[in-house]
Amino acid sequence: QNPKVHLSVINDMQCPLFHVDYVQMRLICTYIGQGTLWVPNADVNRNHLGCGRNDHLIRSMDAVRQAENFDVLIMKGEANESDPKNGLIHKSPDTKGEPRLFLRMDAR
């Protein structure tokens, strides 16, 4: 199946909560504006995934990493057949209204 490609200018925070995507793989790149925030697996409590509270899910906010402009993140999703239910936990940055030029490609 062909990947789905989405290029957009985003003017608000799309995803304020840390979450996983229900795709096989997702490639993302921010060209202008703040990059995506993500957390290494060892620093999350997956039992709180979807609880609506970032502070319950993330063990230490010091562990949160942020992609730089032009970084290409290739993220494993929850639907990844080789390692299901172990997708990368991430969220949108708080851009405070500053636009982001953002590319997303999904392999479903």
# chains A, B, ... in the order shown; residues from 1 in each chain; ligands from 1

call {"tool": "residues_around", "arguments": {"residues": "segment 33-37 of chain A", "least_positions_apart": "6", "cutoff": "8 Å", "atoms": "only C-alpha atoms", "output": "ChimeraX atom specification"}}
result
/A:64-69,90-93,95,98-101

call {"tool": "write_last_selection", "arguments": {"atoms": "N, CA and C atoms", "output": "mmCIF file, in the first residue's frame"}}
result
data_model
loop_
_atom_site.group_PDB
_atom_site.id
_atom_site.type_symbol
_atom_site.label_atom_id
_atom_site.label_comp_id
_atom_site.auth_asym_id
_atom_site.auth_seq_id
_atom_site.Cartn_x
_atom_site.Cartn_y
_atom_site.Cartn_z
ATOM 1 N N VAL A 64 12.224 14.309 28.112
ATOM 2 C CA VAL A 64 11.579 14.703 26.860
ATOM 3 C C VAL A 64 12.622 15.300 25.917
ATOM 4 N N ARG A 65 12.599 14.825 24.678
ATOM 5 C CA ARG A 65 13.521 15.302 23.647
ATOM 6 C C ARG A 65 12.720 16.061 22.594
ATOM 7 N N GLN A 66 13.389 16.948 21.866
ATOM 8 C CA GLN A 66 12.718 17.704 20.809
ATOM 9 C C GLN A 66 13.522 17.640 19.530
ATOM 10 N N ALA A 67 12.840 17.320 18.439
ATOM 11 C CA ALA A 67 13.478 17.294 17.125
ATOM 12 C C ALA A 67 13.798 18.712 16.684
ATOM 13 N N GLU A 68 14.889 18.851 15.961
ATOM 14 C CA GLU A 68 15.291 20.137 15.383
ATOM 15 C C GLU A 68 14.708 20.252 13.975
ATOM 16 N N ASN A 69 14.717 21.462 13.430
ATOM 17 C CA ASN A 69 14.298 21.640 12.036
ATOM 18 C C ASN A 69 15.124 20.734 11.128
ATOM 19 N N HIS A 90 4.985 10.553 21.653
ATOM 20 C CA HIS A 90 5.372 11.883 21.182
ATOM 21 C C HIS A 90 4.197 12.838 21.279
ATOM 22 N N LYS A 91 4.465 14.137 21.030
ATOM 23 C CA LYS A 91 3.397 15.146 20.983
ATOM 24 C C LYS A 91 3.872 16.362 20.214
ATOM 25 N N SER A 92 2.930 17.213 19.877
ATOM 26 C CA SER A 92 3.241 18.481 19.215
ATOM 27 C C SER A 92 3.815 19.457 20.233
ATOM 28 N N PRO A 93 4.701 20.351 19.773
ATOM 29 C CA PRO A 93 5.208 21.397 20.674
ATOM 30 C C PRO A 93 4.162 22.481 20.872
ATOM 31 N N THR A 95 3.513 25.820 20.251
ATOM 32 C CA THR A 95 4.099 26.819 19.346
ATOM 33 C C THR A 95 3.672 28.250 19.668
ATOM 34 N N GLU A 98 2.905 30.325 16.638
ATOM 35 C CA GLU A 98 3.881 30.433 15.556
ATOM 36 C C GLU A 98 3.679 29.272 14.593
ATOM 37 N N PRO A 99 3.657 29.532 13.301
ATOM 38 C CA PRO A 99 3.386 28.456 12.337
ATOM 39 C C PRO A 99 4.529 27.446 12.243
ATOM 40 N N ARG A 100 4.143 26.233 11.887
ATOM 41 C CA ARG A 100 5.111 25.158 11.594
ATOM 42 C C ARG A 100 4.822 24.660 10.187
ATOM 43 N N LEU A 101 5.871 24.422 9.420
ATOM 44 C CA LEU A 101 5.740 23.740 8.134
ATOM 45 C C LEU A 101 6.145 22.303 8.404
#

call {"tool": "select_by_dssp", "arguments": {"residues": "chain A", "states": "strand (DSSP E)", "output": "CSV table (one decimal) with C-alpha atoms, in the first residue's frame"}}
result
chain,number,residue,atom,x,y,z
A,4,LYS,CA,0.0,8.7,2.8
A,5,VAL,CA,1.7,12.1,2.5
A,6,HIS,CA,0.6,15.3,4.2
A,7,LEU,CA,2.4,18.6,4.0
A,8,SER,CA,0.8,21.5,5.9
A,9,VAL,CA,1.3,24.7,7.8
A,10,ILE,CA,0.1,24.2,11.3
A,25,MET,CA,5.4,3.6,10.6
A,26,ARG,CA,5.3,7.4,10.4
A,27,LEU,CA,8.0,9.7,9.0
A,28,ILE,CA,7.8,13.4,10.2
A,29,CYS,CA,9.9,16.4,9.6
A,30,THR,CA,9.4,20.0,10.6
A,31,TYR,CA,10.9,22.5,8.2
A,32,ILE,CA,9.9,25.8,9.9
A,37,LEU,CA,8.6,16.3,21.2
A,38,TRP,CA,9.3,12.6,22.0
A,39,VAL,CA,10.2,10.4,24.9
A,65,ARG,CA,13.5,15.3,23.6
A,66,GLN,CA,12.7,17.7,20.8
A,73,LEU,CA,11.9,11.1,12.7
A,74,ILE,CA,11.0,7.7,11.5
A,75,MET,CA,8.6,6.5,14.2
A,76,LYS,CA,7.3,3.0,14.8
A,89,ILE,CA,5.4,8.3,22.4
A,90,HIS,CA,5.4,11.9,21.2
A,91,LYS,CA,3.4,15.1,21.0
A,100,ARG,CA,5.1,25.2,11.6
A,101,LEU,CA,5.7,23.7,8.1
A,102,PHE,CA,5.3,20.0,8.8
A,103,LEU,CA,5.6,16.9,6.6
A,104,ARG,CA,4.0,13.6,7.6
A,105,MET,CA,4.2,10.3,5.7
A,106,ASP,CA,2.3,7.3,7.0
A,107,ALA,CA,2.8,3.6,6.1

call {"tool": "atom_distance", "arguments": {"atom1": "atom CA of Asp21 of chain A", "atom2": "atom CA of Ser60 of chain A"}}
result
21.5 Å

call {"tool": "residues_around", "arguments": {"residues": "Gln24 of chain A", "least_positions_apart": "6", "cutoff": "7 Å", "atoms": "only C-alpha atoms", "output": "list in words"}}
result
Lys76, Gly77, Glu78, Ala79, Asn80, Ala107 and Arg108 of chain A

call {"tool": "atom_distance", "arguments": {"atom1": "atom CA of Asn86 of chain A", "atom2": "atom CA of Asp12 of chain A"}}
result
27.3 Å

call {"tool": "atom_distance", "arguments": {"atom1": "atom CA of Gln14 of chain A", "atom2": "atom CA of Pro40 of chain A"}}
result
20.8 Å

call {"tool": "select_by_dssp", "arguments": {"residues": "chain A", "states": "helix (DSSP H, G or I)", "output": "list in words"}}
result
Asn41, Ala42, Asp43, Arg46, Asn47, His48, Asn54, Asp55, His56, Leu57, Met61, Asp62 and Ala63 of chain A

call {"tool": "write_last_selection", "arguments": {"atoms": "all heavy atoms", "output": "short mmCIF file (atom, residue, chain, number, x, y, z; two decimals), in the first residue's frame"}}
result
data_model
loop_
_atom_site.label_atom_id
_atom_site.label_comp_id
_atom_site.auth_asym_id
_atom_site.auth_seq_id
_atom_site.Cartn_x
_atom_site.Cartn_y
_atom_site.Cartn_z
N ASN A 41 11.48 5.17 25.36
CA ASN A 41 10.60 4.17 25.96
C ASN A 41 10.86 3.95 27.45
O ASN A 41 9.93 3.74 28.23
CB ASN A 41 10.76 2.84 25.22
CG ASN A 41 9.44 2.28 24.76
OD1 ASN A 41 8.41 2.91 24.89
ND2 ASN A 41 9.49 1.10 24.21
N ALA A 42 12.11 4.00 27.86
CA ALA A 42 12.46 3.73 29.26
C ALA A 42 11.92 4.80 30.21
O ALA A 42 11.85 4.57 31.42
CB ALA A 42 13.98 3.63 29.41
N ASP A 43 11.52 5.95 29.67
CA ASP A 43 11.09 7.07 30.50
C ASP A 43 9.58 7.28 30.52
O ASP A 43 9.11 8.35 30.89
CB ASP A 43 11.79 8.35 30.03
CG ASP A 43 13.29 8.25 30.22
OD1 ASP A 43 13.73 7.96 31.34
OD2 ASP A 43 14.02 8.45 29.23
N ARG A 46 3.71 3.14 30.27
CA ARG A 46 2.69 2.86 29.25
C ARG A 46 1.33 2.53 29.85
O ARG A 46 0.32 2.63 29.17
CB ARG A 46 3.15 1.73 28.33
CG ARG A 46 4.20 2.19 27.35
CD ARG A 46 4.52 1.09 26.34
NE ARG A 46 5.33 1.62 25.29
CZ ARG A 46 4.86 2.23 24.21
NH1 ARG A 46 3.58 2.36 24.02
NH2 ARG A 46 5.67 2.70 23.30
N ASN A 47 1.27 2.16 31.12
CA ASN A 47 -0.02 1.90 31.76
C ASN A 47 -0.88 3.15 31.80
O ASN A 47 -2.10 3.06 31.94
CB ASN A 47 0.18 1.37 33.18
CG ASN A 47 0.81 0.00 33.18
OD1 ASN A 47 0.57 -0.80 32.29
ND2 ASN A 47 1.63 -0.28 34.18
N HIS A 48 -0.26 4.33 31.70
CA HIS A 48 -1.01 5.59 31.74
C HIS A 48 -1.23 6.19 30.35
O HIS A 48 -1.72 7.31 30.23
CB HIS A 48 -0.28 6.60 32.64
CG HIS A 48 -0.31 6.22 34.07
ND1 HIS A 48 -1.42 6.39 34.86
CD2 HIS A 48 0.64 5.64 34.85
CE1 HIS A 48 -1.17 5.94 36.07
NE2 HIS A 48 0.08 5.48 36.09
N ASN A 54 -0.16 14.14 30.93
CA ASN A 54 1.24 13.96 30.56
C ASN A 54 2.11 13.63 31.77
O ASN A 54 3.04 12.83 31.69
CB ASN A 54 1.79 15.20 29.87
CG ASN A 54 1.26 15.35 28.46
OD1 ASN A 54 0.92 14.38 27.80
ND2 ASN A 54 1.19 16.58 27.99
N ASP A 55 1.80 14.24 32.93
CA ASP A 55 2.64 14.04 34.11
C ASP A 55 2.50 12.63 34.69
O ASP A 55 3.35 12.19 35.47
CB ASP A 55 2.36 15.10 35.17
CG ASP A 55 0.92 15.11 35.65
OD1 ASP A 55 0.02 14.62 34.93
OD2 ASP A 55 0.68 15.64 36.76
N HIS A 56 1.46 11.89 34.34
CA HIS A 56 1.34 10.50 34.78
C HIS A 56 2.07 9.56 33.82
O HIS A 56 2.60 8.53 34.25
CB HIS A 56 -0.13 10.09 34.85
CG HIS A 56 -0.84 10.69 36.02
ND1 HIS A 56 -2.06 10.24 36.45
CD2 HIS A 56 -0.53 11.72 36.84
CE1 HIS A 56 -2.46 10.95 37.48
NE2 HIS A 56 -1.55 11.87 37.72
N LEU A 57 2.08 9.90 32.56
CA LEU A 57 2.67 9.06 31.53
C LEU A 57 4.20 9.17 31.50
O LEU A 57 4.91 8.17 31.37
CB LEU A 57 2.09 9.43 30.16
CG LEU A 57 2.64 8.72 28.94
CD1 LEU A 57 2.35 7.22 29.01
CD2 LEU A 57 2.05 9.32 27.68
N MET A 61 10.04 14.78 33.11
CA MET A 61 9.98 15.69 31.98
C MET A 61 11.37 16.04 31.47
O MET A 61 11.52 16.51 30.34
CB MET A 61 9.19 16.95 32.33
CG MET A 61 7.72 16.69 32.49
SD MET A 61 7.03 15.92 31.02
CE MET A 61 5.30 16.16 31.28
N ASP A 62 12.42 15.79 32.27
CA ASP A 62 13.79 15.99 31.80
C ASP A 62 14.15 15.02 30.68
O ASP A 62 15.11 15.26 29.95
CB ASP A 62 14.78 15.81 32.96
CG ASP A 62 14.68 16.92 33.99
OD1 ASP A 62 14.20 18.02 33.64
OD2 ASP A 62 15.07 16.68 35.15
N ALA A 63 13.40 13.94 30.55
CA ALA A 63 13.67 12.93 29.52
C ALA A 63 13.09 13.31 28.16
O ALA A 63 13.43 12.69 27.16
CB ALA A 63 13.10 11.58 29.96
#
